[in-house]
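Written below as structure tokens is the structure these notes are about.
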Amino acid sequence: MLGNIFILGDSYSTFKGHIPEGFSSYYSENGPWYLVAHPNEAQPSERDVRTVEQTWWYPLAKEHGKLILNCSWSGTTICNTGYDGCDNSKVSFIARLEKLLDEGFFKENKIDTLFLFGGTNDSWSNAPLGEKIHTGHTKEDLYCVFPAFSYLINLLKTRLPEVKVYCIINTWLKPEIDEYYRSVCEDQGVDAIVLHDVEKICGHPSIDGMRAIKEQILEFINNK
């Protein structure tokens with residue numbers, strides 16, 4: 001149904017051992033990051049994601065296609081500005097995608113479906129919003145949320161025209177970011193899967209939350 005799958009994401013799509021070496025992960029067999037980072041303080045829950053089978057993406061790919069690469073890095077932004085104003089231009093969504101394009105990854109690997117699941121950290125980090133421009137992006141523009149998102153969508157549409165792109169829009173985003181992401185997707189003809197009612201622990205999906213994400217993605221695709 002989905003063919004060969006590629007995921008470009010952040011912490012919501014990570015699991016240690018199932019993303020590229022060196023990438024930061026939020027989820028692992030030892031539990032989510034908050035348990036690993038604060039073992040003597042954080043209280044584990046039976047709702048915590050502890051196996052890769054409990055993520056939204058692993059069962060989705062196993063049941064409906066084949067995962068070629070999960071290019072997800074915890075804590076990363078789509079734009080090149082990270083938390084506390086740090087320069088994220090080496091690890092941002094834009095940087096990771098451009099690197100793979102330059103290396104010829106998509107020429108060597110046929111991708112049918114691409115899930116773009118980001119923007120959460122752009123919202124949480126209070127990165128600058130910038131101008132709502134759709135073409136002629138400068139290097140400086142890509143440090144801002146609005147132009148970085150439109151640039152990324154343009155990049156996907158122009159460089160990977162044969163790939164079916166689904167943009168997953170998270171809950172709890174700033175209203176202005178949520179609205180802009182939806183409008184860009186509509187203008188560019190990209191399907192936006194707008195999530196709702198996702199259970200979270202410390203801002204990240206629980207087992208039930210992951211299941212809800214998977215079910216909402218499949219419902220959207222099946223109803224197209």
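Just so we're on the same page: first chain in the structure tokens is A, next is B, and so on; residues restart at 1 for each chain, and ligands are numbered from 1 in the order they show up.
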
Taking a cut-off of 10 Å and counting only C-alpha atoms, can you build a table that, for each residue of range 26-73 of chain A near range 96-107 of chain A, reports the nearest atom pair and how far apart they are in Å (one decimal), sorted by chain then residue number, as a tab-separated table?
residue	atom	partner	partner_atom	distance
A:Cys71	CA	A:Arg96	CA	7.7
A:Ser72	CA	A:Arg96	CA	9.1
A:Trp73	CA	A:Arg96	CA	9.4

- [ ] Would you mind listing what lies within 10 Å of Glu131 in chain A as a ChimeraX atom specification, with only C-alpha atoms counted and same-chain residues fewer than 4 positions away left out?
- [x] /A:141,144-148

- [ ] May I have all residues of range 8-219 of chain A that DSSP, computed from the backbone, assigns to strand (DSSP E or B), given as a ChimeraX atom specification?
- [x] /A:8-9,65-72,81,87,113-117,164-169,191-194,200-201,204-205

Task: CA of Gly75 in chain A to CA of Gly203 in chain A, straight-line distance in Å - done: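 Atom-to-atom, CA of Gly203 in chain A and CA of Gly75 in chain A are spaced 12.1 Å apart.
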
Using only C-alpha atoms, find each residue of range 80-191 of chain A with at least one atom at most 10 Å away from an atom of range 62-67 of chain A; report its shortest atom-to-atom pair and that distance in Å (one decimal), sort the rows by chain and rising residue number, and return the result as JSON lines.
{"residue": "A:Ile111", "atom": "CA", "partner": "A:Leu67", "partner_atom": "CA", "distance": 9.3}
{"residue": "A:Asp112", "atom": "CA", "partner": "A:Gly65", "partner_atom": "CA", "distance": 9.4}
{"residue": "A:Thr113", "atom": "CA", "partner": "A:Gly65", "partner_atom": "CA", "distance": 9.0}
{"residue": "A:Leu114", "atom": "CA", "partner": "A:Leu67", "partner_atom": "CA", "distance": 10.0}

Could you list, with a cut-off of 9 Å and counting only C-alpha atoms, the residues of range 87-138 of chain A near range 164-180 of chain A, each shown with its nearest atom pair and the distance in Å rounded to one decimal, rows sorted by chain and ascending number, as JSON lines?
{"residue": "A:Ile111", "atom": "CA", "partner": "A:Lys164", "partner_atom": "CA", "distance": 8.6}
{"residue": "A:Asp112", "atom": "CA", "partner": "A:Lys164", "partner_atom": "CA", "distance": 6.0}
{"residue": "A:Thr113", "atom": "CA", "partner": "A:Lys164", "partner_atom": "CA", "distance": 4.8}
{"residue": "A:Leu114", "atom": "CA", "partner": "A:Val165", "partner_atom": "CA", "distance": 4.8}
{"residue": "A:Phe115", "atom": "CA", "partner": "A:Tyr166", "partner_atom": "CA", "distance": 5.0}
{"residue": "A:Leu116", "atom": "CA", "partner": "A:Cys167", "partner_atom": "CA", "distance": 4.7}
{"residue": "A:Phe117", "atom": "CA", "partner": "A:Ile168", "partner_atom": "CA", "distance": 4.9}
{"residue": "A:Gly118", "atom": "CA", "partner": "A:Ile169", "partner_atom": "CA", "distance": 7.3}
{"residue": "A:Gly119", "atom": "CA", "partner": "A:Asn170", "partner_atom": "CA", "distance": 7.7}
{"residue": "A:Thr120", "atom": "CA", "partner": "A:Leu173", "partner_atom": "CA", "distance": 6.3}
{"residue": "A:Asp122", "atom": "CA", "partner": "A:Ile177", "partner_atom": "CA", "distance": 8.7}
{"residue": "A:Ser123", "atom": "CA", "partner": "A:Leu173", "partner_atom": "CA", "distance": 5.8}
{"residue": "A:Trp124", "atom": "CA", "partner": "A:Leu173", "partner_atom": "CA", "distance": 7.7}
{"residue": "A:Leu129", "atom": "CA", "partner": "A:Ile177", "partner_atom": "CA", "distance": 8.2}
{"residue": "A:Lys132", "atom": "CA", "partner": "A:Tyr180", "partner_atom": "CA", "distance": 8.3}

Keeping all heavy atoms for every residue in the selection just given, could you write it to a file as a compact mmCIF listing (two decimals), in the first residue's frame?
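Saved the output as out_1.txt:
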# COMPACT_ATOMS: atom_id res chain seq x y z
N ILE A 111 12.03 5.53 -3.23
CA ILE A 111 11.11 5.84 -2.15
C ILE A 111 9.73 6.13 -2.74
O ILE A 111 9.60 6.93 -3.66
CB ILE A 111 11.59 7.06 -1.34
CG1 ILE A 111 12.99 6.80 -0.74
CG2 ILE A 111 10.59 7.41 -0.24
CD1 ILE A 111 13.05 5.65 0.24
N ASP A 112 8.71 5.47 -2.20
CA ASP A 112 7.34 5.69 -2.66
C ASP A 112 6.59 6.66 -1.76
O ASP A 112 5.80 7.48 -2.25
CB ASP A 112 6.59 4.36 -2.71
CG ASP A 112 7.25 3.36 -3.65
OD1 ASP A 112 7.31 3.65 -4.85
OD2 ASP A 112 7.71 2.31 -3.16
N THR A 113 6.81 6.54 -0.45
CA THR A 113 6.07 7.33 0.53
C THR A 113 7.02 7.99 1.51
O THR A 113 7.92 7.33 2.05
CB THR A 113 5.08 6.44 1.32
OG1 THR A 113 4.21 5.78 0.40
CG2 THR A 113 4.26 7.27 2.29
N LEU A 114 6.83 9.29 1.73
CA LEU A 114 7.66 10.02 2.68
C LEU A 114 6.76 10.66 3.73
O LEU A 114 5.84 11.40 3.39
CB LEU A 114 8.48 11.10 1.97
CG LEU A 114 9.55 11.83 2.79
CD1 LEU A 114 10.70 12.29 1.90
CD2 LEU A 114 8.97 13.04 3.54
N PHE A 115 7.02 10.34 4.99
CA PHE A 115 6.31 10.96 6.10
C PHE A 115 7.18 12.06 6.69
O PHE A 115 8.28 11.80 7.18
CB PHE A 115 5.96 9.93 7.17
CG PHE A 115 4.90 8.96 6.77
CD1 PHE A 115 5.21 7.63 6.51
CD2 PHE A 115 3.58 9.36 6.64
CE1 PHE A 115 4.23 6.72 6.13
CE2 PHE A 115 2.59 8.46 6.25
CZ PHE A 115 2.91 7.14 6.01
N LEU A 116 6.68 13.29 6.64
CA LEU A 116 7.34 14.43 7.26
C LEU A 116 6.60 14.72 8.56
O LEU A 116 5.44 15.11 8.53
CB LEU A 116 7.29 15.63 6.31
CG LEU A 116 7.69 16.99 6.89
CD1 LEU A 116 9.14 16.98 7.35
CD2 LEU A 116 7.45 18.10 5.86
N PHE A 117 7.29 14.53 9.67
CA PHE A 117 6.64 14.69 10.98
C PHE A 117 7.54 15.58 11.84
O PHE A 117 8.41 15.10 12.56
CB PHE A 117 6.44 13.32 11.62
CG PHE A 117 5.50 13.32 12.82
CD1 PHE A 117 5.21 12.13 13.46
CD2 PHE A 117 4.91 14.47 13.29
CE1 PHE A 117 4.35 12.08 14.55
CE2 PHE A 117 4.05 14.46 14.38
CZ PHE A 117 3.78 13.25 15.01
N GLY A 118 7.34 16.89 11.72
CA GLY A 118 8.18 17.82 12.46
C GLY A 118 7.43 19.09 12.80
O GLY A 118 6.22 19.19 12.61
N GLY A 119 8.18 20.06 13.30
CA GLY A 119 7.60 21.33 13.70
C GLY A 119 7.37 21.47 15.18
O GLY A 119 7.18 22.58 15.69
N THR A 120 7.38 20.34 15.90
CA THR A 120 7.15 20.38 17.34
C THR A 120 8.23 21.20 18.04
O THR A 120 7.93 22.08 18.86
CB THR A 120 7.11 18.95 17.92
OG1 THR A 120 6.06 18.23 17.28
CG2 THR A 120 6.87 18.97 19.42
N ASP A 122 10.26 23.37 16.61
CA ASP A 122 10.20 24.75 16.12
C ASP A 122 9.23 25.55 16.99
O ASP A 122 9.47 26.72 17.29
CB ASP A 122 9.72 24.78 14.67
CG ASP A 122 10.66 24.06 13.72
OD1 ASP A 122 10.68 22.81 13.75
OD2 ASP A 122 11.36 24.73 12.97
N SER A 123 8.14 24.90 17.38
CA SER A 123 7.13 25.54 18.22
C SER A 123 7.62 25.68 19.66
O SER A 123 7.54 26.75 20.26
CB SER A 123 5.84 24.73 18.17
OG SER A 123 4.80 25.37 18.86
N TRP A 124 8.14 24.60 20.22
CA TRP A 124 8.54 24.60 21.62
C TRP A 124 9.78 25.45 21.90
O TRP A 124 9.95 25.98 22.99
CB TRP A 124 8.81 23.17 22.09
CG TRP A 124 7.59 22.31 22.16
CD1 TRP A 124 6.29 22.68 21.94
CD2 TRP A 124 7.55 20.92 22.49
NE1 TRP A 124 5.45 21.60 22.09
CE2 TRP A 124 6.19 20.51 22.43
CE3 TRP A 124 8.52 19.98 22.82
CZ2 TRP A 124 5.79 19.20 22.71
CZ3 TRP A 124 8.14 18.67 23.08
CH2 TRP A 124 6.79 18.29 23.04
N LEU A 129 9.72 33.27 13.98
CA LEU A 129 8.76 32.86 12.96
C LEU A 129 9.18 33.33 11.57
O LEU A 129 9.06 32.57 10.61
CB LEU A 129 7.36 33.39 13.29
CG LEU A 129 6.74 32.84 14.58
CD1 LEU A 129 5.36 33.46 14.79
CD2 LEU A 129 6.65 31.32 14.55
N LYS A 132 6.45 35.11 5.82
CA LYS A 132 5.73 34.07 5.08
C LYS A 132 6.06 34.18 3.59
O LYS A 132 5.25 34.66 2.79
CB LYS A 132 4.23 34.18 5.32
CG LYS A 132 3.84 33.92 6.77
CD LYS A 132 2.35 34.06 6.99
CE LYS A 132 1.97 33.78 8.44
NZ LYS A 132 0.52 33.92 8.68

Task: Minimum-distance residue to Thr81 in chain A, chosen among A:Lys139, A:Arg211, A:Lys110, A:His18 (using only C-alpha atoms) - done: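 Comparing A:Lys139, A:Arg211, A:Lys110, A:His18 against Thr81 in chain A, the winner is A:Lys139.
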
Open item on the list: Residues within 7 Å of range 55-57 of chain A, please, as a count of residues only. Count only C-alpha atoms; anything in the same chain fewer than 4 positions from it doesn't count.
Closed with: 6

Task: Residue contacts of Ile201 in chain A (12 Å, only C-alpha atoms) excluding same-chain residues fewer than 3 positions away, as a list in words - done: Tyr12, Gly31, Pro32, Trp33, Tyr34, Leu35, Ala42, Gln43, Pro44, Ser45, Glu46, Arg47, Asp48, Val49, Val198, His204, Pro205, Ser206, Ile207, Asp208, Gly209 and Met210 of chain A

- [ ] Give the alpha helix (DSSP H) residues of range 1-222 of chain A, as assigned by DSSP on the backbone, as a ChimeraX atom specification.
- [x] /A:33-37,57-64,93-103,105-108,120-124,145-159,175-188,207-222

- [ ] Select, from A:Asn121, A:Asn223, A:Gly130, A:Val190, the residue with the minimum atom-to-atom distance to Val163 in chain A, counting only C-alpha atoms.
- [x] A:Val190

Open item on the list: To one decimal place in Å, what is the distance between CA of Lys16 in chain A and CA of Gly85 in chain A?
Closed with: 26.5 Å
